[in-house]
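The structure file model31.csv is reproduced below (CSV, C-alpha atoms).
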chain,number,residue,atom,x,y,z
D,1,MET,CA,7.2,-23.1,-9.2
D,2,LYS,CA,4.2,-22.1,-7.0
D,3,ILE,CA,3.2,-18.5,-6.5
D,4,GLY,CA,0.6,-17.6,-3.9
D,5,VAL,CA,-2.0,-15.0,-4.7
D,6,VAL,CA,-3.7,-13.6,-1.6
D,7,THR,CA,-7.4,-12.8,-1.4
D,8,PHE,CA,-8.7,-10.6,1.4
D,9,PRO,CA,-12.3,-9.7,1.7
D,10,GLY,CA,-12.5,-6.7,-0.7
D,11,THR,CA,-9.5,-7.7,-2.9
D,12,LEU,CA,-10.2,-7.0,-6.6
D,13,ASP,CA,-7.2,-7.9,-8.7
D,14,ASP,CA,-6.5,-11.4,-7.4
D,15,ARG,CA,-7.8,-12.9,-10.6
D,16,ASP,CA,-5.7,-10.7,-12.9
D,17,ALA,CA,-2.7,-11.4,-10.6
D,18,ALA,CA,-3.3,-15.1,-10.9
D,19,ARG,CA,-3.6,-14.8,-14.7
D,20,ALA,CA,-0.3,-12.9,-14.8
D,21,VAL,CA,1.4,-15.7,-12.8
D,22,ARG,CA,0.1,-18.4,-15.2
D,23,ILE,CA,1.1,-16.4,-18.3
D,24,ALA,CA,4.6,-16.1,-16.8
D,25,GLY,CA,4.7,-19.9,-16.5
D,26,ALA,CA,4.2,-20.5,-12.8
D,27,THR,CA,1.4,-22.3,-10.9
D,28,VAL,CA,-1.0,-20.3,-8.8
D,29,VAL,CA,-1.8,-21.2,-5.3
D,30,PRO,CA,-4.8,-19.1,-4.0
D,31,LEU,CA,-4.2,-18.0,-0.4
D,32,TRP,CA,-7.2,-16.8,1.7
D,33,HIS,CA,-6.9,-14.2,4.4
D,34,ALA,CA,-7.5,-16.7,7.1
D,35,ASP,CA,-4.8,-19.1,5.9
D,36,GLU,CA,-2.2,-19.5,8.6
D,37,ASN,CA,0.2,-21.4,6.4
D,38,LEU,CA,1.4,-20.5,2.9
D,39,HIS,CA,1.2,-24.0,1.4
D,40,LYS,CA,4.9,-24.1,0.5
D,41,VAL,CA,4.7,-21.4,-2.1
D,42,ASP,CA,7.9,-20.0,-3.6
D,43,ALA,CA,6.7,-16.4,-3.7
D,44,VAL,CA,3.6,-14.4,-2.8
D,45,VAL,CA,1.6,-11.6,-4.6
D,46,LEU,CA,-0.6,-9.3,-2.5
D,47,PRO,CA,-2.9,-7.9,-5.2
D,48,GLY,CA,-4.8,-4.6,-5.4
D,49,GLY,CA,-8.3,-3.8,-4.3
D,50,PHE,CA,-10.0,-2.4,-1.2
D,51,SER,CA,-9.2,-5.0,1.5
D,52,TYR,CA,-11.7,-4.8,4.4
D,53,GLY,CA,-13.3,-1.8,2.7
D,54,ASP,CA,-10.2,0.4,3.4
D,55,TYR,CA,-11.6,0.6,7.0
D,56,LEU,CA,-9.4,2.3,9.5
D,57,ARG,CA,-6.6,2.9,6.9
D,58,CYS,CA,-5.9,1.3,3.6
D,59,GLY,CA,-4.2,-2.0,4.2
D,60,ALA,CA,-4.3,-1.6,8.0
D,61,ILE,CA,-6.7,-4.5,8.8
D,62,ALA,CA,-5.3,-6.7,6.1
D,63,ALA,CA,-1.9,-6.3,7.8
D,64,GLN,CA,-3.3,-8.0,10.8
D,65,ALA,CA,-4.8,-11.0,8.9
D,66,PRO,CA,-3.5,-14.5,9.7
D,67,VAL,CA,-2.1,-14.9,6.2
D,68,THR,CA,-0.3,-11.6,6.4
D,69,GLN,CA,1.3,-12.6,9.6
D,70,ALA,CA,2.6,-15.7,7.9
D,71,ILE,CA,3.8,-13.7,5.0
D,72,VAL,CA,5.7,-11.2,7.2
D,73,LYS,CA,7.5,-14.0,8.9
D,74,ALA,CA,8.4,-15.7,5.6
D,75,ALA,CA,9.4,-12.4,4.0
D,76,ASN,CA,11.8,-11.8,6.8
D,77,GLY,CA,13.3,-15.2,5.9
D,78,GLY,CA,13.7,-14.2,2.3
D,79,LEU,CA,10.4,-15.2,0.6
D,80,PRO,CA,9.8,-13.0,-2.5
D,81,VAL,CA,6.7,-10.8,-1.9
D,82,LEU,CA,5.2,-8.4,-4.4
D,83,GLY,CA,2.6,-5.9,-3.2
D,84,ILE,CA,0.6,-4.1,-5.8
D,85,CYS,CA,-1.5,-1.0,-5.0
D,86,ASN,CA,-3.6,-2.1,-2.0
D,87,GLY,CA,-0.9,-4.8,-1.6
D,88,PHE,CA,1.7,-2.0,-1.3
D,89,GLN,CA,-0.4,-0.4,1.3
D,90,VAL,CA,-0.5,-3.7,3.2
D,91,LEU,CA,3.3,-3.9,3.0
D,92,VAL,CA,3.8,-0.5,4.5
D,93,GLU,CA,1.1,-1.2,7.2
D,94,SER,CA,2.8,-4.4,8.1
D,95,HIS,CA,6.2,-2.6,8.2
D,96,LEU,CA,7.8,-4.8,5.5
D,97,LEU,CA,8.4,-1.5,3.7
D,98,PRO,CA,8.8,1.9,5.3
D,99,GLY,CA,6.7,5.1,5.0
D,100,GLY,CA,3.0,5.5,4.3
D,101,LEU,CA,0.4,6.2,1.6
D,102,ILE,CA,-2.0,9.0,1.7
D,103,ARG,CA,-4.8,10.4,-0.4
D,104,ASN,CA,-3.8,11.6,-3.8
D,105,GLU,CA,-2.7,15.2,-3.8
D,106,ALA,CA,-5.4,16.2,-6.4
D,107,GLN,CA,-8.0,14.4,-4.3
D,108,HIS,CA,-9.1,12.4,-7.3
D,109,PHE,CA,-9.0,8.7,-8.0
D,110,ILE,CA,-6.6,8.4,-10.9
D,111,CYS,CA,-6.9,5.7,-13.6
D,112,ARG,CA,-4.5,5.9,-16.5
D,113,ASP,CA,-1.5,4.2,-18.2
D,114,GLN,CA,1.5,5.4,-16.3
D,115,LYS,CA,5.1,5.6,-17.5
D,116,LEU,CA,7.7,4.6,-14.9
D,117,ARG,CA,11.5,4.3,-14.7
D,118,VAL,CA,12.9,1.1,-13.3
D,119,GLU,CA,15.7,2.3,-11.0
D,120,ASN,CA,16.7,-0.9,-9.3
D,121,VAL,CA,17.1,-4.2,-11.0
D,122,ASP,CA,18.6,-6.2,-8.1
D,123,SER,CA,15.4,-7.4,-6.6
D,124,ALA,CA,13.4,-10.6,-6.9
D,125,TRP,CA,10.7,-8.7,-8.9
D,126,THR,CA,12.8,-6.4,-11.1
D,127,ASN,CA,15.8,-8.5,-12.2
D,128,ALA,CA,14.4,-9.1,-15.7
D,129,PHE,CA,14.4,-5.3,-16.4
D,130,GLU,CA,17.3,-3.2,-17.6
D,131,LEU,CA,18.5,-0.5,-15.3
D,132,ASN,CA,16.6,2.8,-16.0
D,133,GLN,CA,14.3,1.0,-18.4
D,134,GLU,CA,11.1,3.0,-19.1
D,135,ILE,CA,8.0,1.0,-18.8
D,136,THR,CA,4.2,1.7,-19.0
D,137,ILE,CA,1.7,-0.1,-16.9
D,138,PRO,CA,-1.8,0.9,-15.7
D,139,LEU,CA,-2.2,3.0,-12.5
D,140,LYS,CA,-5.5,3.2,-10.6
D,141,ASN,CA,-5.6,4.5,-7.1
D,142,GLY,CA,-7.1,7.1,-4.8
D,143,GLU,CA,-4.6,6.8,-2.0
D,144,GLY,CA,-1.3,6.5,-3.7
D,145,GLY,CA,0.7,9.5,-2.4
D,146,TYR,CA,3.8,8.0,-0.9
D,147,ILE,CA,5.3,9.8,2.1
D,148,ALA,CA,8.1,9.1,4.5
D,149,ASP,CA,10.1,11.2,7.0
D,150,ALA,CA,13.2,13.0,5.8
D,151,GLU,CA,15.5,10.4,7.4
D,152,THR,CA,13.8,7.4,5.8
D,153,LEU,CA,13.8,9.2,2.4
D,154,LYS,CA,17.5,9.8,2.7
D,155,ARG,CA,18.0,6.1,3.4
D,156,LEU,CA,15.8,5.0,0.6
D,157,GLU,CA,17.5,7.2,-1.9
D,158,GLY,CA,21.0,6.6,-0.5
D,159,GLU,CA,20.7,2.8,-0.5
D,160,GLY,CA,19.0,2.6,-3.9
D,161,LEU,CA,15.7,1.2,-2.5
D,162,VAL,CA,13.5,3.3,-4.8
D,163,ALA,CA,12.6,0.6,-7.4
D,164,PHE,CA,10.2,2.7,-9.6
D,165,ARG,CA,9.8,6.4,-10.2
D,166,TYR,CA,6.9,8.1,-12.0
D,167,LEU,CA,7.8,9.7,-15.3
D,168,ASP,CA,5.8,12.3,-17.3
D,169,GLY,CA,3.9,13.6,-14.4
D,170,ASN,CA,3.5,12.5,-10.8
D,171,PRO,CA,-0.1,11.2,-10.5
D,172,ASN,CA,-0.6,11.4,-6.8
D,173,GLY,CA,1.9,13.7,-5.1
D,174,SER,CA,4.3,11.0,-4.0
D,175,VAL,CA,7.5,12.4,-2.6
D,176,ASN,CA,10.5,12.3,-5.0
D,177,ASP,CA,8.0,10.8,-7.6
D,178,ILE,CA,8.3,7.4,-5.8
D,179,ALA,CA,6.1,4.8,-7.4
D,180,GLY,CA,7.6,1.7,-5.8
D,181,LEU,CA,10.2,0.4,-3.3
D,182,ARG,CA,12.2,-2.6,-2.6
D,183,ASN,CA,13.5,-3.7,0.8
D,184,GLU,CA,17.2,-4.0,1.7
D,185,ARG,CA,17.3,-7.7,1.0
D,186,GLY,CA,15.5,-7.3,-2.4
D,187,ASN,CA,12.9,-10.0,-1.8
D,188,VAL,CA,10.0,-7.5,-1.0
D,189,VAL,CA,8.8,-5.0,-3.6
D,190,GLY,CA,5.8,-2.8,-3.4
D,191,LEU,CA,4.3,-0.3,-6.0
D,192,MET,CA,1.1,1.5,-6.7
D,193,PRO,CA,0.8,0.8,-10.4
D,194,HIS,CA,-0.5,-2.5,-11.7
D,195,PRO,CA,1.9,-4.8,-13.6
D,196,GLU,CA,-0.7,-7.6,-13.6
D,197,HIS,CA,-2.8,-5.6,-16.0
D,198,ALA,CA,-0.1,-5.4,-18.6
D,199,VAL,CA,0.9,-9.1,-19.3
D,200,GLU,CA,-0.9,-10.1,-22.5
D,201,ALA,CA,-1.0,-8.4,-25.9
D,202,GLY,CA,-4.5,-7.2,-26.6
D,203,PHE,CA,-5.3,-6.3,-23.0
D,204,GLY,CA,-2.4,-4.0,-22.0
D,205,PRO,CA,-1.6,-0.3,-22.5
D,206,ASP,CA,-1.2,1.1,-26.0
D,207,THR,CA,2.3,1.2,-27.4
D,208,ALA,CA,3.8,2.9,-30.4
D,209,SER,CA,3.5,-0.3,-32.4
D,210,ALA,CA,-0.1,-1.3,-31.6
D,211,MET,CA,-3.1,-0.6,-29.5
D,212,ARG,CA,-3.2,-2.5,-26.1
D,213,SER,CA,0.0,-4.3,-26.9
D,214,GLY,CA,1.9,-3.3,-23.8
D,215,ILE,CA,3.2,-6.2,-21.7
D,216,ASP,CA,5.8,-4.5,-19.6
D,217,GLY,CA,4.2,-5.9,-16.5
D,218,LEU,CA,5.1,-9.5,-17.4
D,219,LYS,CA,8.8,-8.8,-16.5
D,220,PHE,CA,7.8,-8.6,-12.8
D,221,PHE,CA,6.6,-12.2,-12.9
D,222,GLU,CA,9.5,-13.4,-15.1
D,223,SER,CA,11.9,-11.8,-12.6
D,224,VAL,CA,10.6,-13.8,-9.7
D,225,LEU,CA,10.8,-17.0,-11.7
D,226,LYS,CA,14.4,-16.2,-12.3
D,227,ALA,CA,15.0,-15.3,-8.7
D,228,VAL,CA,13.5,-18.4,-7.3
D,229,VAL,CA,15.3,-20.7,-9.8
D,230,ASN,CA,18.6,-19.0,-8.9
D,231,ALA,CA,18.0,-19.0,-5.1
C,1,MET,CA,-21.0,1.7,29.7
C,2,PRO,CA,-17.4,3.0,30.3
C,3,LYS,CA,-15.5,3.9,27.1
C,4,ILE,CA,-11.9,4.6,26.3
C,5,ILE,CA,-11.9,7.4,23.7
C,6,VAL,CA,-9.0,7.5,21.3
C,7,GLU,CA,-8.7,10.6,19.1
C,8,VAL,CA,-6.5,10.4,16.0
C,9,MET,CA,-5.7,13.3,13.7
C,10,PRO,CA,-3.8,13.5,10.4
C,11,LYS,CA,-0.3,15.0,11.0
C,12,ALA,CA,-0.4,18.8,11.0
C,13,ASP,CA,1.9,19.1,8.0
C,14,LEU,CA,0.0,16.7,5.8
C,15,LEU,CA,-2.8,17.7,3.5
C,16,ASP,CA,-6.2,16.7,4.9
C,17,PRO,CA,-8.4,16.5,1.8
C,18,GLN,CA,-11.6,16.0,3.8
C,19,GLY,CA,-10.9,19.1,6.0
C,20,LYS,CA,-10.0,21.1,2.9
C,21,ALA,CA,-13.3,20.2,1.1
C,22,VAL,CA,-15.4,21.0,4.2
C,23,ALA,CA,-13.5,24.3,4.6
C,24,ASN,CA,-14.3,25.2,1.0
C,25,ALA,CA,-18.0,24.4,1.6
C,26,LEU,CA,-18.0,26.6,4.7
C,27,HIS,CA,-16.4,29.4,2.8
C,28,ARG,CA,-19.1,29.1,0.1
C,29,GLN,CA,-21.7,29.4,2.9
C,30,GLY,CA,-20.1,32.7,3.9
C,31,HIS,CA,-18.2,31.6,7.0
C,32,ALA,CA,-15.2,33.6,6.2
C,33,ASN,CA,-14.0,33.6,9.8
C,34,ILE,CA,-13.2,29.8,9.6
C,35,LEU,CA,-9.7,29.7,8.3
C,36,ASN,CA,-9.1,26.0,8.2
C,37,VAL,CA,-10.8,22.7,8.9
C,38,ARG,CA,-9.1,19.4,9.9
C,39,ILE,CA,-10.9,16.1,10.3
C,40,GLY,CA,-9.7,13.2,12.4
C,41,LYS,CA,-11.2,10.1,14.0
C,42,ARG,CA,-12.8,9.4,17.4
C,43,ILE,CA,-12.6,5.7,18.2
C,44,GLU,CA,-14.5,4.3,21.2
C,45,LEU,CA,-13.2,1.2,23.0
C,46,HIS,CA,-16.1,0.0,25.2
C,47,THR,CA,-15.0,-1.8,28.3
C,48,ALA,CA,-16.9,-3.9,30.9
C,49,GLY,CA,-15.9,-1.9,33.9
C,50,VAL,CA,-14.1,1.4,34.6
C,51,PRO,CA,-10.8,1.0,32.8
C,52,THR,CA,-7.8,0.3,35.1
C,53,GLU,CA,-4.4,1.8,34.6
C,54,ALA,CA,-3.2,-1.4,32.9
C,55,GLU,CA,-6.2,-1.2,30.5
C,56,LEU,CA,-5.4,2.4,29.7
C,57,ALA,CA,-1.8,1.5,29.0
C,58,GLU,CA,-3.0,-1.3,26.7
C,59,ALA,CA,-5.3,1.2,25.0
C,60,GLN,CA,-2.4,3.5,24.4
C,61,LYS,CA,-0.4,0.7,22.9
C,62,ILE,CA,-3.3,-0.3,20.6
C,63,ALA,CA,-3.8,3.4,19.6
C,64,ASP,CA,-0.1,3.8,18.7
C,65,SER,CA,0.4,0.5,16.9
C,66,PHE,CA,-2.9,-0.2,15.2
C,67,LEU,CA,-5.6,2.5,15.5
C,68,SER,CA,-3.1,5.1,14.1
C,69,ASN,CA,-0.2,5.0,11.7
C,70,GLY,CA,2.6,7.2,13.1
C,71,VAL,CA,3.9,8.0,9.6
C,72,ILE,CA,0.7,9.9,8.7
C,73,GLU,CA,-1.3,10.4,11.9
C,74,ASP,CA,-0.9,11.4,15.6
C,75,VAL,CA,-2.8,10.1,18.6
C,76,VAL,CA,-3.8,13.4,20.1
C,77,LYS,CA,-5.8,12.3,23.1
C,78,ILE,CA,-6.8,9.2,25.1
C,79,HIS,CA,-9.4,9.6,27.8
C,80,VAL,CA,-12.2,7.8,29.6
C,81,GLU,CA,-15.9,8.5,29.4
C,82,ASN,CA,-18.4,6.8,31.8
Written as structure tokens, that's how I'd like the structure from this file.
Amino acid sequence: MKIGVVTFPGTLDDRDAARAVRIAGATVVPLWHADENLHKVDAVVLPGGFSYGDYLRCGAIAAQAPVTQAIVKAANGGLPVLGICNGFQVLVESHLLPGGLIRNEAQHFICRDQKLRVENVDSAWTNAFELNQEITIPLKNGEGGYIADAETLKRLEGEGLVAFRYLDGNPNGSVNDIAGLRNERGNVVGLMPHPEHAVEAGFGPDTASAMRSGIDGLKFFESVLKAVVNA
Amino acid sequence: MPKIIVEVMPKADLLDPQGKAVANALHRQGHANILNVRIGKRIELHTAGVPTEAELAEAQKIADSFLSNGVIEDVVKIHVEN
């Protein structure tokens, strides 16, 4: 199983994403922004960071990169794609997911462990969770406020496309406490919090049982392994 | 050099944190008459010659599809400066 991890100029979390892929048991294929082909990967992770310095709008220039054009085409054909933080911004800017992300309501960059509820487990990246499972993974963003027009919101809620919702406080003013979305087909998932930082005991969020033992993020990567095997 | 000027503003009903921060600073300076500040972007597209109708139409397309995001921003004006 080969999972591509994309690096744009300004990407930060590609190494942690690659590490998460390896811990889940898949092989990492590094993809560079100028790659026009995806080297036959079975899935792609768009990691977090500040691609192209967040110039123009977060994710806007990355959405035009050759590798993203190839990813959009493949995603429309069913390739599993996970966008984390800046990767989520790239997904909305490339119209693989609807809506937009704006500066946090409180105008601060927020960095903390964040509790989420998994509200949809029918996607390539969430099938290893239980419905309504509560998980904790790190969140760190300045522009994570999700917005969409009323019609889009109605569709997202009506069709069960909200995959993750913030619990115990909305960190960034996202409408309806939306933390992450899936597309209709279920192969594309985007979220602001960072599953790749919660995959190995000793380095994750604190849990009731032990400090830094949280590995809820690993299930994202285990999900895609299951999805690809079953495809 | 002729320029096509594209002006982009955050949507009126969205919070504009930059504008709000500047408005707060102005109020601290005593400019109580300034009720609100909003900050957008001016983007200059430099062209070799005076833009043709077709080039202006192209600029409009670029402005709508790439220079702005219709979910969060509006293109408020496109005009030419020589």
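One distance worth recording is that between CA of Val72 in chain D and CA of Gly142 in chain D, which is 25.4 Å.
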| task | May I have the residues of chain C within 7 Å of chain D, counting only C-alpha atoms, written as a list of chain:residue names? | result | C:Pro17, C:Val71, C:Ile72
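Taking CA of Asp35 in chain D and CA of Pro66 in chain D as the two end points, the separation is 6.1 Å.
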| said: Just want the 7 Å neighbourhood of range 39-43 of chain C, counted on all atoms listed in the file, with same-chain residues fewer than 6 positions away dropped. Output as a ChimeraX atom specification. | reply: /C:5-10,18-19
If you keep C-alpha atoms, can you produce a file of those selected residues as an mmCIF file, in the coordinates of the input?
data_model
loop_
_atom_site.group_PDB
_atom_site.id
_atom_site.type_symbol
_atom_site.label_atom_id
_atom_site.label_comp_id
_atom_site.auth_asym_id
_atom_site.auth_seq_id
_atom_site.Cartn_x
_atom_site.Cartn_y
_atom_site.Cartn_z
ATOM 1 C CA ILE C 5 -11.900 7.400 23.700
ATOM 2 C CA VAL C 6 -9.000 7.500 21.300
ATOM 3 C CA GLU C 7 -8.700 10.600 19.100
ATOM 4 C CA VAL C 8 -6.500 10.400 16.000
ATOM 5 C CA MET C 9 -5.700 13.300 13.700
ATOM 6 C CA PRO C 10 -3.800 13.500 10.400
ATOM 7 C CA GLN C 18 -11.600 16.000 3.800
ATOM 8 C CA GLY C 19 -10.900 19.100 6.000
#
| Contact residues around range 165-178 of chain D with all atoms listed in the file at 12 Å, ignoring same-chain residues under 3 positions, as a PyMOL selection string | (chain D and resi 99-120+132-150+152-154+156-157+160-162+181-182+190-193) or (chain C and resi 14-15)
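Put simply, CA of Ser123 in chain D is 20.7 Å away from CA of Ala18 in chain D.
The neighbours of His197 in chain D here are the residues that come within 10 Å of it, using only C-alpha atoms and leaving out any residue fewer than 5 positions away in the same chain; they are D:Asp13, D:Asp16, D:Ala17, D:Arg19, D:Ala20, D:Ile137, D:Pro138, D:Leu139, D:Phe203, D:Gly204, D:Pro205, D:Gly214, D:Ile215, D:Asp216, D:Gly217, D:Leu218.
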Would you put the residues from that selection into a file with C-alpha atoms, as a short mmCIF file (atom, residue, chain, number, x, y, z; two decimals), in the coordinates of the input?
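Output below, filename selection-v3.cif:
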data_model
loop_
_atom_site.label_atom_id
_atom_site.label_comp_id
_atom_site.auth_asym_id
_atom_site.auth_seq_id
_atom_site.Cartn_x
_atom_site.Cartn_y
_atom_site.Cartn_z
CA ASP D 13 -7.20 -7.90 -8.70
CA ASP D 16 -5.70 -10.70 -12.90
CA ALA D 17 -2.70 -11.40 -10.60
CA ARG D 19 -3.60 -14.80 -14.70
CA ALA D 20 -0.30 -12.90 -14.80
CA ILE D 137 1.70 -0.10 -16.90
CA PRO D 138 -1.80 0.90 -15.70
CA LEU D 139 -2.20 3.00 -12.50
CA PHE D 203 -5.30 -6.30 -23.00
CA GLY D 204 -2.40 -4.00 -22.00
CA PRO D 205 -1.60 -0.30 -22.50
CA GLY D 214 1.90 -3.30 -23.80
CA ILE D 215 3.20 -6.20 -21.70
CA ASP D 216 5.80 -4.50 -19.60
CA GLY D 217 4.20 -5.90 -16.50
CA LEU D 218 5.10 -9.50 -17.40
#
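Using all atoms listed in the file, the residues found no farther than 9 Å from Ser223 in chain D, other than those of its own chain fewer than 4 positions away, are Ser123, Ala124, Trp125, Thr126, Asn127, Ala128, Phe129, Leu218, Lys219, Ala227 and Val228 of chain D.
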| said: Applying 8 Å and all atoms listed in the file, which residues near Ile34 in chain C remain after dropping the ones on its own chain fewer than 5 positions away? List them as a ChimeraX atom specification. | reply: /C:23,26-27
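Nearest to Ala24 in chain D of all the residues D:Gly158, D:Ile3, D:Gly186, D:Gly77 is D:Ile3, based on all atoms listed in the file.
Shortest separation to Val21 in chain D among D:Phe8, D:Phe88, D:Phe221, D:Tyr55 occurs at residue D:Phe221, atoms counted being all atoms listed in the file.
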Need the axis-aligned box for range 82-86 of chain D with 6 Å each side, so what are the centre and edges in Å to one decimal, as lines of an AutoDock Vina configuration file?
center_x = 0.8
center_y = -4.7
center_z = -3.9
size_x = 20.8
size_y = 19.4
size_z = 15.8
